[in-house]
Amino acid sequence: MPLRLDIKRRLTARSDRVKSCDLHPTEQWMLVSLYNGNVHIWNYESQQLVKSFEVCDLPVRAAVFVPRKNWVVTGSDDMQVRVFNYNTLERLNAFDAHSDYVRSIAVHPTQPFILTSSDDMLIKLWNWEKNWVCQQVFEGHTHYVMEVKVNPKDNNTFASASLDKTVKVWQLGSAQPNFTLEGHEKGVNCVDYYMGGDKPYLISGADDRMVKIWDYQNKTCVQTLEGHAQNIASVSFHPELPIILTGSEDGTVKIWHANTYRLETTLNYGLERVWSIGVLRGSNNVALGYDEGAILIKLGREEPAMSMDAGGKIIWAKHSELQQASLKALEKEEIQDGERLPLAVKDMGSCEVYPQTVQHNPNGRFVVVCGDGEYIIYTAMALRNKSFGSAQEFVWAADSSEYAVRESSSSIKLFKNFKERKSFKPEFGAENIFGGALLGVKSVSGLAFYDWETQELVRRIEIQPRAVYWSETGELCCIVTDESYFVLKYQPDAVAAAAENPEKITEDGIEDAFDVLGEVSETVKTGLWVGDCFIYTNSVNRLNYYVGGEIVTVSHLDRTMYLLGYIPQDNRLYLGDKELNVVSFQLLLSVLEYQTAVMRRDFDTADRVLPTVPKEQRTRVAHFLEKQGFKKQALAVSSDAEHKFDLAIQLGDLENAYNLAKESASEQKWKQLAELATSQAKFELAQQCLHEAQDHGGLLLLATAAGNADMVTKLGIQADQAGKHNVSFLSYFLLGDLERCLEILLASNRVPEAAFFARTYLPSEISRVVELWRVQLGKVNEKAGQSLADPKDYANLFPDYAASLQAQQMLAGERTKVIPAEDWKDIMANYERKPLEELNALADEEDLIDEPLDDKDHPIAGAVEEELEGDMSSKHRAGDECPASLEYAGDDDEDDKDYYSDEDLEKLLDDELDELDIIGEPSKPEEEKVLDDELDELDIIGSLGEPSTPEEEKLLDDELDELDIIGEPSKPEEEKVLDDELDELDIIGEPSKPEEVVAGITTEDLEAELEMDLDNLKLDDIDTTDVNLDDEELLED
């Protein structure tokens, strides 16, 4: 069969013409030397150019890594060899090596030597430990020496290729060649040694477009490869794969089978001529140098050809050699997870085909090797040939005696006991086949499962699988695609029932044959079943297993590993890598058995297995139970206190959760438990938990929700002691303890906030806080500190400050009252209240309450006059004069007033006089009459002087009743008081003689004179600009 060569391009590095390329054994580096005189180092993992340096102005035809010295050694057309440190890019040495272009450099694998070849027809050996002395010169070629290569099997010999049409083999220490290989018709450009097996082969490529394989022991040409259309520039035996690589100036790289010499594939990347091919032992990477840049490709399957039987015997293929190792001799107690196992390896001989896959059959008695389009079945013990044949693919059935081979894309043969039993052609062809309980066939239509016995279609699924894994019982199946995997359960009963009822079978088989248990978006590299657990490695190098919908990570791997198998007796899982190293990880069988029993709902078995599960694994089992929905069982099984607490919370188990929280003393746990207790209306427990958690915020919420003032008080004290100022502030604020709130702000150095708080709630404290704020702000900016205003110094900047002090006193009494929570609906919210307006309203109410009233709520006669007289006499005794103009200090709406103070009367009368533009003293009776009429209009006091008639007296009495001011003026003394008040209001000037007002002028005379003056008065003609209403002489005149 053709080789399974998965060819993947890993790097494309465009550049000038590449003359040579090399790969670093440990770093992910590709080295290229360029025709323009530069050297580049590319990281093919990161796709970045990591190093670049100029060697000279001429082409650099050779460049190689010397990893053990951290060097790059170059040879160029200026005939010099240069040595660079590839870490620092420092040039360590440079010397003239030849008298013409340096064509090739080869590094000795063990000695401190390099070999150089040149157009001067010489080969030279240089020793770097002796300061790069030329230790030997090899002469013999008659034309340019194009390439030299050291024999990997005998490091004392090397081969050279020359344009003199020959290949010569030399011995270190000998000046003459051992022998010469002739056969090419034109100059030979390249040469390489075969590294694998025992074949003593050389390969060479020449300008005659031929590639020749030589047996250097018999000195004969064993094969000539033809196919290139131009000169052969580079050839290579791949060190790991059974392939030959040839590069030509026709722009192609051809890959040939190293054993059959069949052309496997041709690569053409369109970068013009090929000049160089670089390979590395232990790697499948290949570097290709072209006219227009370099490319790195990866060849072959990454998965090694390895297989392990149930007893721990491992067989693997190393090139064409089969080797065996056994795990039985290992001391299992000393094995560390992920450590390489010290296995004793036994050679079992060479295989007739190049092994691409190695597989044990289910019982481990036989092993099959597939490759080169053939299969060979060996006995596992002695590697005796049991059977063979041609096959593109080979798979075992669940029955160890059955297997199937795919001969072509359309034909499959079934065998039993090494004899062909049946051959059939699937309807849609066969691209791949898969073994197991059913025979799986992949085609363009998807995956089809066939019965091994009858070859009848069981089920066709529209999916493109990469692998199919069956459990040992045949009940579970995992189908792996490029991006995910599906876990299915096979239903043999449904298949058997459908066989008896053909109507249930469709063109896609039996619909009920499989139940889908799960789909996981992960890329599976390799996998196997242990019980009902699917163990696998994924694309990000994790070792996981899937059971019951749960994915458990066993380990993070440091490199790509491939599953070999699980040995229950060891409780260990074994894996191998491509270098054929074997490692293991512990995976307890008891855990897998328990999980399998739970998945099957076999709880009797699970209970029986549980005691065998070690305590350190109990938590893993508990997590699995939790995922399956068995939280109570998980709580009983788990040994992790954290996990148990989480489970108890999920189950609402307050008792267990309380005990676990008490043991851990974790604030977080107490908070979680408090939340659970609150949800279950266990408020006492919730309060205790919040106290334990020091969750003052939670306690505040609980206390306020419960309306528990005592609890809020205690919380305020606790929070204050704990330094939780926000909670303590809020607690005291809710309690109405504003003084304590202010102290908390000050104690926490929040002086600006304290100032605004005092301005809003405690105006009496403003001065103290402002002083503290000044000191604090002054330390930062003295001018800013002094700019802060204190209301005691700048009362004009604080409107209603005095009223706010009274409001503070008024509200202080309210804060001391405890209001039942049930009254909240009837109480106005604080944000809706206006304390200053409430204060004014309260003052008005108090005045009404204090005024003496009769039984009809009328003011008692004489009470106001006596009060007014007392006030006026005290003012006159103190020498105070009545102000010329007074502000009205009351509500803006006069109609709402039930009574007037003397200031109110004076203001009203003053406004009326201003409107009338009355100036000077009303000396005429007419003017007095006008004034009297105006007073009548204002309904204040009726008329001045004593009423002369009963009708007038009655009229004045009615007016006074209506105003509710002073009752009926029945006595001359009361008229005298009223007259004094009018004098005080500066209405008609100060009378020089009391009798002029009281006895000289009657009410009728005044009213008559005022009426006449008002009739004749033309206010517009009066010039009042020079009139001073306060001039007493003018008023007397």
# chains A, B, ... in the order shown; residues from 1 in each chain; ligands from 1

call {"tool": "residues_around", "arguments": {"residues": "Tyr101 of chain A", "least_positions_apart": "4", "cutoff": "7 Å", "atoms": "only C-alpha atoms", "output": "ChimeraX atom specification"}}
result
/A:76-79,118-119

call {"tool": "write_last_selection", "arguments": {"atoms": "N, CA, C and O atoms", "output": "short mmCIF file (atom, residue, chain, number, x, y, z; two decimals), in the first residue's frame"}}
result
data_model
loop_
_atom_site.label_atom_id
_atom_site.label_comp_id
_atom_site.auth_asym_id
_atom_site.auth_seq_id
_atom_site.Cartn_x
_atom_site.Cartn_y
_atom_site.Cartn_z
N SER A 76 31.54 30.68 2.28
CA SER A 76 31.02 31.61 1.29
C SER A 76 31.96 31.75 0.10
O SER A 76 33.06 31.19 0.07
N ASP A 77 31.52 32.56 -0.86
CA ASP A 77 32.28 32.71 -2.10
C ASP A 77 33.51 33.59 -1.93
O ASP A 77 34.31 33.72 -2.87
N ASP A 78 33.67 34.22 -0.76
CA ASP A 78 34.92 34.95 -0.50
C ASP A 78 35.99 34.01 0.05
O ASP A 78 37.01 34.46 0.55
N MET A 79 35.69 32.70 -0.01
CA MET A 79 36.64 31.62 0.31
C MET A 79 36.93 31.51 1.81
O MET A 79 37.87 30.84 2.22
N SER A 118 35.39 22.53 -1.75
CA SER A 118 35.49 23.79 -2.47
C SER A 118 35.65 23.55 -3.97
O SER A 118 35.92 22.43 -4.42
N ASP A 119 35.51 24.68 -4.68
CA ASP A 119 35.76 24.63 -6.12
C ASP A 119 37.24 24.50 -6.43
O ASP A 119 37.62 24.34 -7.61
#

call {"tool": "select_by_dssp", "arguments": {"residues": "segment 396-496 of chain A", "states": "alpha helix (DSSP H)", "output": "JSON, numbers by chain"}}
result
{"A": [492, 493, 494, 495, 496]}

call {"tool": "atom_distance", "arguments": {"atom1": "atom CA of Ala705 of chain A", "atom2": "atom CA of Thr678 of chain A"}}
result
11.4 Å

call {"tool": "residues_around", "arguments": {"residues": "segment 566-579 of chain A", "least_positions_apart": "5", "cutoff": "8 Å", "atoms": "only C-alpha atoms", "output": "list in words"}}
result
Gly282, Glu302, Glu303, Pro304, Met306, Ala310, Gly311, Gly312, Lys332, Val530, Thr560, Met561, Ser584, Phe585, Gln586, Leu587, Leu588 and Leu589 of chain A

call {"tool": "write_last_selection", "arguments": {"atoms": "C-alpha atoms", "output": "compact mmCIF listing (two decimals), in the first residue's frame"}}
result
# COMPACT_ATOMS: atom_id res chain seq x y z
CA GLY A 282 14.61 11.94 15.33
CA GLU A 302 2.92 11.34 14.23
CA GLU A 303 1.60 8.33 16.09
CA PRO A 304 4.29 5.72 16.66
CA MET A 306 3.29 0.70 19.18
CA ALA A 310 -3.47 -6.83 28.49
CA GLY A 311 -0.51 -8.34 30.32
CA GLY A 312 1.83 -5.37 29.84
CA LYS A 332 5.30 -0.58 40.57
CA VAL A 530 -12.07 0.88 30.70
CA THR A 560 2.07 14.58 22.65
CA MET A 561 1.47 11.10 24.09
CA SER A 584 2.36 5.90 33.22
CA PHE A 585 -0.26 7.55 35.42
CA GLN A 586 -2.20 6.17 38.35
CA LEU A 587 -5.89 5.64 37.68
CA LEU A 588 -7.61 3.57 40.35
CA LEU A 589 -9.72 0.69 39.11

call {"tool": "closest_residue", "arguments": {"among": "A:Arg608, A:Lys328, A:Lys525, A:Lys199", "to": "Arg301 of chain A", "atoms": "only C-alpha atoms"}}
result
A:Lys525

call {"tool": "residues_around", "arguments": {"residues": "segment 438-452 of chain A", "least_positions_apart": "5", "cutoff": "6 Å", "atoms": "only C-alpha atoms", "output": "PDB file with N, CA, C and O atoms, in the first residue's frame"}}
result
ATOM      1  N   PHE A 428     -21.465   2.257  -0.832  1.00  0.00           N
ATOM      2  CA  PHE A 428     -20.893   3.570  -1.125  1.00  0.00           C
ATOM      3  C   PHE A 428     -19.367   3.572  -1.106  1.00  0.00           C
ATOM      4  O   PHE A 428     -18.741   4.610  -0.986  1.00  0.00           O
ATOM      5  N   GLY A 429     -18.748   2.400  -1.194  1.00  0.00           N
ATOM      6  CA  GLY A 429     -17.297   2.325  -1.179  1.00  0.00           C
ATOM      7  C   GLY A 429     -16.730   2.272   0.226  1.00  0.00           C
ATOM      8  O   GLY A 429     -17.471   2.278   1.218  1.00  0.00           O
ATOM      9  N   ALA A 430     -15.396   2.214   0.302  1.00  0.00           N
ATOM     10  CA  ALA A 430     -14.724   2.087   1.604  1.00  0.00           C
ATOM     11  C   ALA A 430     -13.441   2.910   1.588  1.00  0.00           C
ATOM     12  O   ALA A 430     -12.454   2.528   0.965  1.00  0.00           O
ATOM     13  N   GLU A 431     -13.492   4.047   2.274  1.00  0.00           N
ATOM     14  CA  GLU A 431     -12.290   4.877   2.410  1.00  0.00           C
ATOM     15  C   GLU A 431     -11.451   4.434   3.597  1.00  0.00           C
ATOM     16  O   GLU A 431     -10.222   4.502   3.558  1.00  0.00           O
ATOM     17  N   ASN A 432     -12.121   4.021   4.675  1.00  0.00           N
ATOM     18  CA  ASN A 432     -11.442   3.498   5.870  1.00  0.00           C
ATOM     19  C   ASN A 432     -12.335   2.439   6.489  1.00  0.00           C
ATOM     20  O   ASN A 432     -13.549   2.422   6.260  1.00  0.00           O
ATOM     21  N   ILE A 433     -11.705   1.555   7.280  1.00  0.00           N
ATOM     22  CA  ILE A 433     -12.491   0.585   8.041  1.00  0.00           C
ATOM     23  C   ILE A 433     -12.079   0.654   9.507  1.00  0.00           C
ATOM     24  O   ILE A 433     -10.955   1.036   9.836  1.00  0.00           O
ATOM     25  N   LEU A 457     -26.322  -4.429   6.945  1.00  0.00           N
ATOM     26  CA  LEU A 457     -26.188  -3.067   7.441  1.00  0.00           C
ATOM     27  C   LEU A 457     -26.988  -2.909   8.739  1.00  0.00           C
ATOM     28  O   LEU A 457     -28.182  -3.174   8.769  1.00  0.00           O
ATOM     29  N   VAL A 458     -26.321  -2.488   9.800  1.00  0.00           N
ATOM     30  CA  VAL A 458     -26.994  -2.241  11.082  1.00  0.00           C
ATOM     31  C   VAL A 458     -27.459  -0.783  11.164  1.00  0.00           C
ATOM     32  O   VAL A 458     -28.604  -0.504  11.514  1.00  0.00           O
ATOM     33  N   ARG A 459     -26.553   0.124  10.840  1.00  0.00           N
ATOM     34  CA  ARG A 459     -26.926   1.551  10.926  1.00  0.00           C
ATOM     35  C   ARG A 459     -25.939   2.375  10.115  1.00  0.00           C
ATOM     36  O   ARG A 459     -24.726   2.139  10.157  1.00  0.00           O
ATOM     37  N   ARG A 460     -26.489   3.329   9.362  1.00  0.00           N
ATOM     38  CA  ARG A 460     -25.650   4.284   8.652  1.00  0.00           C
ATOM     39  C   ARG A 460     -25.830   5.651   9.318  1.00  0.00           C
ATOM     40  O   ARG A 460     -26.953   6.104   9.540  1.00  0.00           O
ATOM     41  N   ILE A 461     -24.711   6.293   9.646  1.00  0.00           N
ATOM     42  CA  ILE A 461     -24.728   7.589  10.327  1.00  0.00           C
ATOM     43  C   ILE A 461     -24.012   8.600   9.450  1.00  0.00           C
ATOM     44  O   ILE A 461     -22.909   8.335   8.963  1.00  0.00           O
ATOM     45  N   GLU A 462     -24.620   9.748   9.265  1.00  0.00           N
ATOM     46  CA  GLU A 462     -24.007  10.789   8.439  1.00  0.00           C
ATOM     47  C   GLU A 462     -22.949  11.524   9.266  1.00  0.00           C
ATOM     48  O   GLU A 462     -23.212  12.547   9.900  1.00  0.00           O
ATOM     49  N   ILE A 463     -21.772  10.978   9.243  1.00  0.00           N
ATOM     50  CA  ILE A 463     -20.654  11.546  10.001  1.00  0.00           C
ATOM     51  C   ILE A 463     -19.368  11.091   9.332  1.00  0.00           C
ATOM     52  O   ILE A 463     -19.330  10.019   8.707  1.00  0.00           O
ATOM     53  N   GLN A 464     -18.338  11.907   9.408  1.00  0.00           N
ATOM     54  CA  GLN A 464     -17.042  11.552   8.826  1.00  0.00           C
ATOM     55  C   GLN A 464     -16.061  11.284   9.968  1.00  0.00           C
ATOM     56  O   GLN A 464     -15.423  12.191  10.487  1.00  0.00           O
TER      57      GLN A 464
END

call {"tool": "atom_distance", "arguments": {"atom1": "atom CA of Leu181 of chain A", "atom2": "atom CA of His238 of chain A"}}
result
21.8 Å

call {"tool": "residues_around", "arguments": {"residues": "segment 386-396 of chain A", "least_positions_apart": "2", "cutoff": "6 Å", "atoms": "only C-alpha atoms", "output": "list in words"}}
result
Met1, Gly373, Glu374, Tyr375, Ile376, Ile377, Tyr378, Tyr403, Ala404, Val405, Arg406, Glu407 and Gly435 of chain A

call {"tool": "write_last_selection", "arguments": {"atoms": "all heavy atoms", "output": "compact mmCIF listing (two decimals), in the first residue's frame"}}
result
# COMPACT_ATOMS: atom_id res chain seq x y z
N MET A 1 0.84 -1.19 0.00
CA MET A 1 0.00 0.00 0.00
C MET A 1 0.88 1.25 0.00
O MET A 1 2.02 1.20 0.48
CB MET A 1 -0.90 0.01 1.24
CG MET A 1 -0.22 0.32 2.54
SD MET A 1 -1.40 0.38 3.89
CE MET A 1 -0.33 0.85 5.22
N GLY A 373 1.48 -1.64 1.83
CA GLY A 373 0.40 -2.32 1.13
C GLY A 373 0.22 -3.77 1.52
O GLY A 373 -0.50 -4.50 0.85
N GLU A 374 0.87 -4.18 2.61
CA GLU A 374 0.76 -5.57 3.05
C GLU A 374 0.52 -5.63 4.55
O GLU A 374 0.77 -4.66 5.27
CB GLU A 374 2.04 -6.34 2.71
CG GLU A 374 2.34 -6.45 1.23
CD GLU A 374 3.61 -7.23 0.96
OE1 GLU A 374 4.17 -7.81 1.93
OE2 GLU A 374 4.04 -7.25 -0.20
N TYR A 375 0.08 -6.81 4.99
CA TYR A 375 -0.02 -7.06 6.43
C TYR A 375 0.62 -8.41 6.73
O TYR A 375 0.60 -9.33 5.90
CB TYR A 375 -1.47 -7.04 6.91
CG TYR A 375 -2.29 -8.23 6.49
CD1 TYR A 375 -2.39 -9.36 7.30
CD2 TYR A 375 -2.99 -8.24 5.27
CE1 TYR A 375 -3.14 -10.47 6.91
CE2 TYR A 375 -3.74 -9.32 4.88
CZ TYR A 375 -3.82 -10.44 5.71
OH TYR A 375 -4.55 -11.53 5.32
N ILE A 376 1.20 -8.48 7.92
CA ILE A 376 1.79 -9.74 8.38
C ILE A 376 1.33 -9.95 9.82
O ILE A 376 1.47 -9.05 10.66
CB ILE A 376 3.33 -9.71 8.33
CG1 ILE A 376 3.82 -9.40 6.91
CG2 ILE A 376 3.91 -11.03 8.82
CD1 ILE A 376 5.32 -9.18 6.83
N ILE A 377 0.75 -11.13 10.09
CA ILE A 377 0.34 -11.48 11.45
C ILE A 377 1.41 -12.38 12.06
O ILE A 377 1.77 -13.42 11.49
CB ILE A 377 -1.02 -12.20 11.45
CG1 ILE A 377 -2.10 -11.28 10.83
CG2 ILE A 377 -1.42 -12.59 12.86
CD1 ILE A 377 -3.45 -11.96 10.68
N TYR A 378 1.92 -11.93 13.22
CA TYR A 378 2.95 -12.68 13.93
C TYR A 378 2.37 -13.20 15.25
O TYR A 378 1.43 -12.63 15.79
CB TYR A 378 4.16 -11.80 14.26
CG TYR A 378 4.91 -11.23 13.08
CD1 TYR A 378 4.63 -9.95 12.61
CD2 TYR A 378 5.90 -11.98 12.45
CE1 TYR A 378 5.33 -9.42 11.56
CE2 TYR A 378 6.61 -11.45 11.39
CZ TYR A 378 6.31 -10.17 10.94
OH TYR A 378 7.02 -9.65 9.88
N TYR A 403 -10.90 -10.93 11.72
CA TYR A 403 -10.35 -9.65 11.30
C TYR A 403 -10.81 -9.35 9.89
O TYR A 403 -11.35 -10.23 9.19
CB TYR A 403 -8.82 -9.64 11.40
CG TYR A 403 -8.10 -10.69 10.59
CD1 TYR A 403 -7.73 -10.45 9.26
CD2 TYR A 403 -7.76 -11.92 11.15
CE1 TYR A 403 -7.04 -11.41 8.52
CE2 TYR A 403 -7.08 -12.88 10.43
CZ TYR A 403 -6.73 -12.62 9.11
OH TYR A 403 -6.05 -13.57 8.38
N ALA A 404 -10.62 -8.10 9.49
CA ALA A 404 -11.02 -7.67 8.15
C ALA A 404 -9.90 -6.84 7.55
O ALA A 404 -9.13 -6.17 8.27
CB ALA A 404 -12.30 -6.85 8.22
N VAL A 405 -9.80 -6.91 6.21
CA VAL A 405 -8.82 -6.11 5.49
C VAL A 405 -9.53 -5.35 4.39
O VAL A 405 -10.52 -5.82 3.82
CB VAL A 405 -7.68 -6.97 4.90
CG1 VAL A 405 -6.90 -7.66 6.01
CG2 VAL A 405 -8.21 -7.97 3.90
N ARG A 406 -9.04 -4.16 4.13
CA ARG A 406 -9.54 -3.37 3.00
C ARG A 406 -8.50 -3.44 1.90
O ARG A 406 -7.40 -2.92 2.05
CB ARG A 406 -9.79 -1.92 3.42
CG ARG A 406 -10.34 -1.03 2.32
CD ARG A 406 -10.70 0.35 2.85
NE ARG A 406 -9.51 1.09 3.24
CZ ARG A 406 -8.78 1.86 2.39
NH1 ARG A 406 -9.12 1.94 1.12
NH2 ARG A 406 -7.73 2.52 2.83
N GLU A 407 -8.88 -4.13 0.83
CA GLU A 407 -7.92 -4.31 -0.26
C GLU A 407 -7.88 -3.10 -1.18
O GLU A 407 -6.83 -2.79 -1.75
CB GLU A 407 -8.29 -5.56 -1.07
CG GLU A 407 -7.98 -6.86 -0.36
CD GLU A 407 -8.08 -8.05 -1.29
OE1 GLU A 407 -8.95 -8.00 -2.19
OE2 GLU A 407 -7.31 -8.99 -1.13
N GLY A 435 -12.52 -1.54 13.39
CA GLY A 435 -12.88 -2.79 14.03
C GLY A 435 -13.71 -2.58 15.27
O GLY A 435 -14.08 -1.48 15.63

call {"tool": "residues_around", "arguments": {"residues": "Pro820 of chain A", "least_positions_apart": "5", "cutoff": "12 Å", "atoms": "only C-alpha atoms", "output": "list in words"}}
result
Gly707, Asn708, Ala709, Lys825, Asp826 and Ile827 of chain A
